[in-house]
$ cat run13.cif   # mmCIF, C-alpha atoms
data_input
loop_
_atom_site.label_atom_id
_atom_site.label_comp_id
_atom_site.auth_asym_id
_atom_site.auth_seq_id
_atom_site.Cartn_x
_atom_site.Cartn_y
_atom_site.Cartn_z
CA MET A 1 29.29 -24.17 -15.79
CA SER A 2 28.64 -24.75 -12.11
CA GLN A 3 25.42 -25.81 -10.45
CA ASP A 4 24.07 -25.50 -6.94
CA ASN A 5 20.76 -27.18 -6.12
CA ASN A 6 20.04 -27.47 -9.87
CA LYS A 7 20.40 -23.73 -10.37
CA TYR A 8 22.30 -22.82 -13.51
CA VAL A 9 25.17 -20.41 -13.08
CA PRO A 10 26.64 -19.10 -16.35
CA PRO A 11 30.36 -19.84 -16.75
CA LYS A 12 32.87 -17.00 -17.05
CA ILE A 13 33.38 -17.90 -20.72
CA TRP A 14 30.73 -19.79 -22.72
CA THR A 15 31.79 -22.81 -24.76
CA GLN A 16 29.74 -25.28 -26.73
CA ASP A 17 30.49 -28.46 -24.84
CA LYS A 18 27.26 -30.32 -25.67
CA GLU A 19 24.21 -30.17 -27.91
CA SER A 20 21.67 -27.55 -26.90
CA GLY A 21 18.79 -30.02 -27.09
CA GLY A 22 15.39 -29.47 -28.64
CA LYS A 23 14.03 -29.91 -32.14
CA PHE A 24 16.88 -28.22 -34.03
CA ALA A 25 19.83 -29.31 -31.88
CA ASN A 26 21.39 -31.25 -34.77
CA ILE A 27 21.89 -28.10 -36.86
CA ASN A 28 22.50 -25.42 -34.23
CA SER A 29 26.01 -23.98 -34.15
CA PRO A 30 27.69 -20.78 -32.91
CA THR A 31 29.48 -20.36 -36.25
CA ALA A 32 28.35 -19.20 -39.69
CA GLY A 33 29.29 -20.12 -43.24
CA ALA A 34 28.91 -23.05 -45.62
CA ARG A 35 29.29 -26.57 -44.27
CA PHE A 36 29.31 -28.41 -47.60
CA ASN A 37 29.39 -27.70 -51.33
CA LYS A 38 26.08 -27.67 -53.14
CA GLU A 39 25.06 -25.46 -56.03
CA LEU A 40 21.54 -24.11 -56.21
CA PRO A 41 19.23 -25.21 -59.01
CA VAL A 42 18.11 -22.43 -61.34
CA GLY A 43 14.95 -22.66 -63.40
CA ASN A 44 13.75 -20.59 -66.35
CA ALA A 45 11.47 -18.14 -64.53
CA PRO A 46 12.77 -14.63 -63.80
CA LEU A 47 12.46 -15.16 -60.03
CA GLN A 48 14.02 -18.07 -58.17
CA LEU A 49 12.77 -18.73 -54.65
CA TYR A 50 14.58 -20.95 -52.14
CA SER A 51 12.40 -21.49 -49.13
CA LEU A 52 10.15 -23.64 -46.97
CA ASN A 53 6.49 -23.23 -46.04
CA THR A 54 7.20 -21.93 -42.54
CA PRO A 55 5.68 -18.63 -41.38
CA ASN A 56 8.70 -16.73 -42.71
CA GLY A 57 8.68 -18.65 -45.98
CA VAL A 58 4.94 -18.30 -46.54
CA LYS A 59 5.27 -14.51 -46.60
CA VAL A 60 7.03 -14.56 -49.96
CA ASN A 61 4.64 -17.18 -51.32
CA MET A 62 1.76 -14.89 -50.43
CA LEU A 63 3.06 -11.91 -52.36
CA LEU A 64 4.12 -13.93 -55.39
CA GLU A 65 0.71 -15.61 -55.55
CA GLU A 66 -1.10 -12.29 -55.10
CA LEU A 67 0.95 -10.90 -58.00
CA ALA A 68 0.01 -13.95 -60.05
CA GLU A 69 -3.66 -13.49 -59.11
CA ILE A 70 -3.75 -10.04 -60.70
CA GLY A 71 -1.72 -11.13 -63.72
CA VAL A 72 1.51 -9.21 -63.13
CA LYS A 73 4.04 -10.03 -65.86
CA GLY A 74 7.61 -10.74 -64.88
CA ALA A 75 6.68 -12.07 -61.45
CA GLU A 76 6.76 -15.71 -62.55
CA TYR A 77 8.90 -17.85 -60.28
CA ASP A 78 10.36 -21.26 -59.57
CA ALA A 79 10.24 -22.36 -55.94
CA TYR A 80 12.70 -24.80 -54.38
CA LYS A 81 12.50 -26.48 -50.99
CA VAL A 82 15.31 -25.79 -48.53
CA ASP A 83 14.90 -28.43 -45.81
CA ILE A 84 16.19 -26.60 -42.76
CA SER A 85 15.75 -29.66 -40.54
CA GLU A 86 18.34 -31.42 -42.73
CA GLY A 87 20.70 -28.45 -42.83
CA GLU A 88 20.27 -27.67 -46.54
CA GLN A 89 20.54 -23.96 -45.71
CA PHE A 90 24.26 -24.49 -45.08
CA GLY A 91 25.08 -25.53 -48.65
CA SER A 92 27.60 -23.28 -50.38
CA GLY A 93 25.15 -22.08 -53.03
CA PHE A 94 22.55 -21.01 -50.49
CA VAL A 95 25.11 -19.35 -48.22
CA THR A 96 26.30 -17.33 -51.22
CA ILE A 97 22.87 -15.72 -51.60
CA ASN A 98 22.15 -15.59 -47.85
CA PRO A 99 25.18 -15.48 -45.55
CA ASN A 100 22.79 -15.78 -42.59
CA SER A 101 21.67 -19.27 -43.71
CA LYS A 102 17.97 -18.67 -43.08
CA ILE A 103 15.00 -19.10 -45.38
CA PRO A 104 13.61 -17.51 -47.46
CA ALA A 105 16.02 -16.19 -50.07
CA LEU A 106 15.26 -15.05 -53.60
CA VAL A 107 17.29 -14.35 -56.71
CA ASP A 108 16.00 -12.00 -59.41
CA HIS A 109 17.28 -13.12 -62.81
CA SER A 110 15.12 -10.71 -64.81
CA ASN A 111 18.26 -8.85 -65.89
CA ARG A 112 20.18 -12.02 -66.69
CA ASN A 113 21.07 -10.75 -70.16
CA ASP A 114 22.30 -7.38 -68.95
CA GLY A 115 23.94 -7.88 -65.59
CA GLU A 116 24.41 -9.93 -62.47
CA PRO A 117 21.38 -11.53 -60.81
CA ILE A 118 20.14 -9.76 -57.68
CA ALA A 119 20.01 -11.84 -54.50
CA ILE A 120 17.75 -10.76 -51.63
CA PHE A 121 17.44 -12.31 -48.18
CA GLU A 122 15.26 -11.56 -45.13
CA SER A 123 11.53 -11.91 -45.75
CA GLY A 124 10.72 -8.25 -45.14
CA ALA A 125 13.40 -7.14 -47.58
CA ILE A 126 12.14 -9.58 -50.22
CA LEU A 127 8.55 -8.36 -49.94
CA MET A 128 9.58 -4.70 -50.07
CA TYR A 129 11.83 -5.36 -53.08
CA LEU A 130 9.15 -7.22 -55.03
CA ALA A 131 6.32 -4.87 -54.11
CA GLU A 132 8.37 -1.86 -55.22
CA LYS A 133 9.68 -3.63 -58.33
CA PHE A 134 6.15 -4.32 -59.57
CA GLY A 135 4.42 -1.31 -58.00
CA LYS A 136 1.85 -3.44 -56.22
CA PHE A 137 0.82 -4.00 -52.59
CA ILE A 138 2.87 -1.08 -51.25
CA PRO A 139 2.21 2.67 -51.33
CA LEU A 140 4.94 4.10 -53.54
CA SER A 141 4.91 7.80 -52.68
CA ALA A 142 6.02 9.54 -49.50
CA SER A 143 2.66 9.62 -47.73
CA LYS A 144 0.85 8.60 -44.58
CA ALA A 145 -0.18 5.39 -46.34
CA ARG A 146 3.45 4.48 -47.02
CA ALA A 147 4.51 5.44 -43.50
CA ASP A 148 1.77 3.22 -42.05
CA CYS A 149 2.76 0.29 -44.26
CA LEU A 150 6.46 0.51 -43.46
CA SER A 151 5.77 0.98 -39.75
CA TRP A 152 3.76 -2.24 -39.58
CA VAL A 153 6.29 -4.08 -41.75
CA MET A 154 9.03 -3.18 -39.29
CA TRP A 155 6.75 -3.98 -36.35
CA GLN A 156 6.40 -7.51 -37.65
CA MET A 157 10.10 -7.97 -38.30
CA GLY A 158 10.93 -6.79 -34.78
CA SER A 159 8.09 -8.57 -32.97
CA ALA A 160 7.88 -12.01 -34.57
CA PRO A 161 11.19 -13.29 -33.12
CA PHE A 162 9.60 -13.01 -29.68
CA LEU A 163 6.71 -15.13 -30.94
CA GLY A 164 8.77 -17.69 -32.86
CA GLY A 165 12.19 -17.88 -31.25
CA GLY A 166 10.77 -16.97 -27.87
CA PHE A 167 7.29 -18.36 -27.25
CA GLY A 168 7.33 -20.99 -29.99
CA HIS A 169 10.72 -22.36 -29.02
CA PHE A 170 10.14 -22.65 -25.30
CA TYR A 171 6.51 -23.78 -25.59
CA ALA A 172 6.89 -26.30 -28.43
CA TYR A 173 10.53 -27.11 -29.19
CA ALA A 174 12.66 -26.87 -26.04
CA PRO A 175 13.91 -30.16 -24.49
CA GLU A 176 11.70 -29.59 -21.46
CA PRO A 177 9.07 -27.04 -20.39
CA LEU A 178 10.49 -24.25 -18.25
CA GLU A 179 8.13 -21.95 -16.40
CA TYR A 180 10.04 -18.68 -16.55
CA PRO A 181 10.71 -18.47 -20.33
CA ILE A 182 7.23 -19.81 -21.18
CA ASN A 183 5.62 -17.19 -18.93
CA ARG A 184 7.91 -14.46 -20.22
CA TYR A 185 7.23 -15.08 -23.90
CA THR A 186 3.55 -15.94 -23.46
CA MET A 187 3.07 -12.53 -21.86
CA GLU A 188 4.81 -10.88 -24.82
CA ALA A 189 2.92 -12.92 -27.44
CA LYS A 190 -0.39 -11.96 -25.85
CA ARG A 191 0.66 -8.31 -25.63
CA GLN A 192 1.45 -8.36 -29.35
CA LEU A 193 -1.91 -9.94 -30.14
CA ASP A 194 -3.55 -7.18 -28.10
CA VAL A 195 -1.67 -4.54 -30.10
CA LEU A 196 -3.10 -6.03 -33.28
CA ASN A 197 -6.57 -6.50 -31.82
CA ILE A 198 -6.84 -2.86 -30.75
CA HIS A 199 -5.60 -1.66 -34.13
CA LEU A 200 -7.84 -3.95 -36.18
CA LYS A 201 -10.93 -2.93 -34.25
CA ASP A 202 -11.15 0.10 -36.53
CA ASN A 203 -9.31 -1.25 -39.58
CA LYS A 204 -10.32 -3.96 -42.02
CA TYR A 205 -6.67 -4.32 -43.03
CA MET A 206 -3.49 -3.25 -41.29
CA CYS A 207 -3.37 0.03 -43.20
CA GLY A 208 -7.01 0.90 -43.80
CA ASN A 209 -10.48 -0.24 -44.74
CA ASP A 210 -10.45 -0.31 -48.54
CA GLU A 211 -9.42 -3.28 -50.66
CA ALA A 212 -6.61 -1.13 -52.03
CA ASP A 213 -5.23 -0.86 -48.49
CA TYR A 214 -4.40 -4.57 -48.37
CA ASN A 215 -0.63 -4.73 -48.70
CA ILE A 216 2.59 -6.42 -47.68
CA ALA A 217 2.06 -5.44 -44.03
CA ASP A 218 -0.98 -7.72 -43.95
CA MET A 219 0.97 -10.54 -45.59
CA LEU A 220 3.94 -10.33 -43.26
CA ILE A 221 1.82 -10.12 -40.13
CA TRP A 222 -0.73 -12.75 -41.21
CA SER A 223 1.99 -15.35 -41.81
CA TRP A 224 2.74 -15.35 -38.07
CA TYR A 225 -0.15 -13.86 -36.14
CA GLY A 226 -2.95 -14.75 -38.52
CA GLN A 227 -1.88 -18.38 -38.61
CA LEU A 228 -1.45 -18.32 -34.84
CA VAL A 229 -5.03 -17.25 -34.13
CA LEU A 230 -6.28 -19.76 -36.71
CA GLY A 231 -4.65 -22.56 -34.72
CA LYS A 232 -1.89 -23.27 -37.26
CA LEU A 233 1.16 -22.64 -35.04
CA TYR A 234 2.56 -24.53 -32.06
CA ASP A 235 -0.78 -26.16 -31.13
CA ALA A 236 -1.14 -23.19 -28.81
CA ALA A 237 -4.51 -21.65 -29.68
CA GLU A 238 -6.21 -22.74 -26.46
CA PHE A 239 -3.19 -21.91 -24.31
CA LEU A 240 -3.07 -18.35 -25.69
CA GLN A 241 -6.90 -17.98 -25.70
CA VAL A 242 -6.78 -16.71 -29.27
CA ASP A 243 -10.57 -16.47 -29.54
CA ASP A 244 -10.38 -13.46 -27.22
CA TYR A 245 -8.72 -11.47 -30.02
CA THR A 246 -11.89 -11.15 -32.05
CA HIS A 247 -10.69 -8.45 -34.45
CA VAL A 248 -7.47 -10.31 -35.24
CA LYS A 249 -9.51 -13.47 -35.79
CA ARG A 250 -11.89 -11.69 -38.19
CA TRP A 251 -8.97 -10.23 -40.16
CA ALA A 252 -7.10 -13.55 -40.23
CA GLU A 253 -10.12 -15.49 -41.46
CA ALA A 254 -10.80 -12.99 -44.25
CA ILE A 255 -7.22 -13.14 -45.54
CA ALA A 256 -7.19 -16.94 -45.30
CA GLU A 257 -10.08 -17.04 -47.77
CA ARG A 258 -8.21 -15.18 -50.50
CA PRO A 259 -7.44 -17.56 -53.41
CA ALA A 260 -3.78 -16.50 -53.53
CA ILE A 261 -3.32 -17.19 -49.82
CA LYS A 262 -4.90 -20.63 -50.09
CA ARG A 263 -2.32 -21.47 -52.75
CA ALA A 264 0.54 -19.84 -50.85
CA VAL A 265 0.24 -21.81 -47.61
CA GLU A 266 0.34 -25.12 -49.46
CA LEU A 267 2.75 -24.09 -52.20
CA PRO A 268 4.44 -27.09 -53.89
CA LEU A 269 8.22 -26.74 -53.64
CA GLN A 270 10.66 -28.47 -55.96
CA SER A 271 13.49 -30.56 -54.59
CA MET A 272 16.96 -29.03 -54.86
CA ASP A 273 18.45 -32.39 -55.91
#
$ encode --input "run13.cif" --output "structure tokens"
Amino acid sequence: MSQDNNKYVPPKIWTQDKESGGKFANINSPTAGARFNKELPVGNAPLQLYSLNTPNGVKVNMLLEELAEIGVKGAEYDAYKVDISEGEQFGSGFVTINPNSKIPALVDHSNRNDGEPIAIFESGAILMYLAEKFGKFIPLSASKARADCLSWVMWQMGSAPFLGGGFGHFYAYAPEPLEYPINRYTMEAKRQLDVLNIHLKDNKYMCGNDEADYNIADMLIWSWYGQLVLGKLYDAAEFLQVDDYTHVKRWAEAIAERPAIKRAVELPLQSMD
């Protein structure tokens, strides 16, 4: 690295010669894999969830609690806390089920007497797997309804990193505020909110106006953007002027009042010790 008048010039070859700084500097690394041996606890329920109540983690909580709300059998689960600030996601047991070492991850033991458990990682994949497994909260046939649902699911998975890793990191977690990245990701976060606001002007839910249209697209998107406009993320509601996105706010408030969602955002998680 060389500097001239405090201007950063990238080196010819990058090396990690110091901590990156910021909230998660103690766990950040350019390498993957397990850092220590630790087996995962396994309870008696068919589904075992390893997670944390972050926006990504809450997504799975939401679907599992919505399934519980309508009495779906076989969707019972045990939920364990993976403290990412302490690096628990790098234990050997967790890395086995998620080589990317990110929460959430889920293991389906419902076939434990007939075959190997099924491990699923990435929140979108988990919600699609569970929704299709139980035939709830996702259109199951090739149709416009299914196309709409999957389109918004993928929109969230592609867009949220700009909100979390982009805006959230530089606005709330970086070692110091920097104008360019904050401006860059604020512009993108507000553009995304405008996408949702325009769409929700004519839609009660992400995929329609009937109660039956509420599905995993709403859950995935609400966990980030719904909580954002409700002032739950990054202490940034005023900065982003979230009250301007009236249709997103209406949608977010309605979902927040669902009994399953109230349970999901405050879900008790068992210790992995």
$ residues_around --input "run13.cif" --residues "Gly165 of chain A" --least-positions-apart "3" --cutoff "12 Å" --atoms "all atoms listed in the file" --output "list in words"
Phe24, Gly158, Ser159, Ala160, Pro161, Phe162, Gly168, His169, Phe170, Tyr171, Ala172, Tyr173, Ala174, Pro181, Ile182, Tyr185, Thr186, Ala189, Trp224 and Tyr234 of chain A
$ residues_around --input "run13.cif" --residues "Leu63 of chain A" --least-positions-apart "5" --cutoff "8 Å" --atoms "all atoms listed in the file" --output "PyMOL selection string"
chain A and resi 127+131+216+219
$ residues_near_point --input "run13.cif" --point "(20.1, -14.8, -54.5)" --cutoff "12 Å" --atoms "only C-alpha atoms" --output "number ranges by chain"
A: 39-42, 46-51, 93-99, 101, 103-109, 116-122, 126
$ resolve_selection --input "run13.cif" --expression "the PyMOL selection byres ((chain A and resi 30) around 10)" --output "list in words"
Thr15, Gln16, Asn28, Ser29, Thr31 and Ala32 of chain A
$ atom_distance --input "run13.cif" --atom1 "atom CA of Pro175 of chain A" --atom2 "atom CA of Arg35 of chain A"
25.3 Å
$ residues_near_point --input "run13.cif" --point "(-5.8, -6.1, -34.7)" --cutoff "10 Å" --atoms "all atoms listed in the file" --output "MDAnalysis selection string"
chainID A and resid 192:206 225:226 245:252
$ write_last_selection --input "run13.cif" --atoms "C-alpha atoms" --output "mmCIF file, in the frame of the given file"
data_model
loop_
_atom_site.group_PDB
_atom_site.id
_atom_site.type_symbol
_atom_site.label_atom_id
_atom_site.label_comp_id
_atom_site.auth_asym_id
_atom_site.auth_seq_id
_atom_site.Cartn_x
_atom_site.Cartn_y
_atom_site.Cartn_z
ATOM 1 C CA GLN A 192 1.450 -8.360 -29.350
ATOM 2 C CA LEU A 193 -1.910 -9.940 -30.140
ATOM 3 C CA ASP A 194 -3.550 -7.180 -28.100
ATOM 4 C CA VAL A 195 -1.670 -4.540 -30.100
ATOM 5 C CA LEU A 196 -3.100 -6.030 -33.280
ATOM 6 C CA ASN A 197 -6.570 -6.500 -31.820
ATOM 7 C CA ILE A 198 -6.840 -2.860 -30.750
ATOM 8 C CA HIS A 199 -5.600 -1.660 -34.130
ATOM 9 C CA LEU A 200 -7.840 -3.950 -36.180
ATOM 10 C CA LYS A 201 -10.930 -2.930 -34.250
ATOM 11 C CA ASP A 202 -11.150 0.100 -36.530
ATOM 12 C CA ASN A 203 -9.310 -1.250 -39.580
ATOM 13 C CA LYS A 204 -10.320 -3.960 -42.020
ATOM 14 C CA TYR A 205 -6.670 -4.320 -43.030
ATOM 15 C CA MET A 206 -3.490 -3.250 -41.290
ATOM 16 C CA TYR A 225 -0.150 -13.860 -36.140
ATOM 17 C CA GLY A 226 -2.950 -14.750 -38.520
ATOM 18 C CA TYR A 245 -8.720 -11.470 -30.020
ATOM 19 C CA THR A 246 -11.890 -11.150 -32.050
ATOM 20 C CA HIS A 247 -10.690 -8.450 -34.450
ATOM 21 C CA VAL A 248 -7.470 -10.310 -35.240
ATOM 22 C CA LYS A 249 -9.510 -13.470 -35.790
ATOM 23 C CA ARG A 250 -11.890 -11.690 -38.190
ATOM 24 C CA TRP A 251 -8.970 -10.230 -40.160
ATOM 25 C CA ALA A 252 -7.100 -13.550 -40.230
#
$ axis_aligned_box --input "run13.cif" --around "segment 124-141 of chain A" --padding-each-side "6 Å" --output "AutoDock Vina command-line options"
--center_x 7.1 --center_y -0.9 --center_z -52.4 --size_x 24.6 --size_y 29.4 --size_z 26.4
$ resolve_selection --input "run13.cif" --expression "the PyMOL selection byres ((chain A and resi 260-268) around 6)" --output "list in words"
Val58, Asn61, Met62, Glu65, Glu66, Ala256, Arg258, Pro259 and Leu269 of chain A
$ atom_distance --input "run13.cif" --atom1 "atom CA of Gln156 of chain A" --atom2 "atom CA of Glu253 of chain A"
18.7 Å
$ atom_distance --input "run13.cif" --atom1 "atom CA of Lys73 of chain A" --atom2 "atom CA of Trp222 of chain A"
25.3 Å
$ closest_residue --input "run13.cif" --among "A:Lys190, A:Ser223, A:Asn215, A:Ala125" --to "Ala237 of chain A" --atoms "all atoms listed in the file"
A:Lys190
$ residues_around --input "run13.cif" --residues "Gly87 of chain A" --least-positions-apart "2" --cutoff "10 Å" --atoms "all atoms listed in the file" --output "list in words"
Phe24, Asn26, Ile27, Asn28, Arg35, Phe36, Val82, Asp83, Ile84, Ser85, Gln89, Phe90, Gly91 and Ser101 of chain A
$ closest_residue --input "run13.cif" --among "A:Val242, A:Gly166, A:Met154, A:Leu67" --to "Gly135 of chain A" --atoms "only C-alpha atoms"
A:Leu67
$ closest_residue --input "run13.cif" --among "A:Gln227, A:Glu88, A:Tyr80, A:Gly22" --to "Lys38 of chain A" --atoms "only C-alpha atoms"
A:Glu88
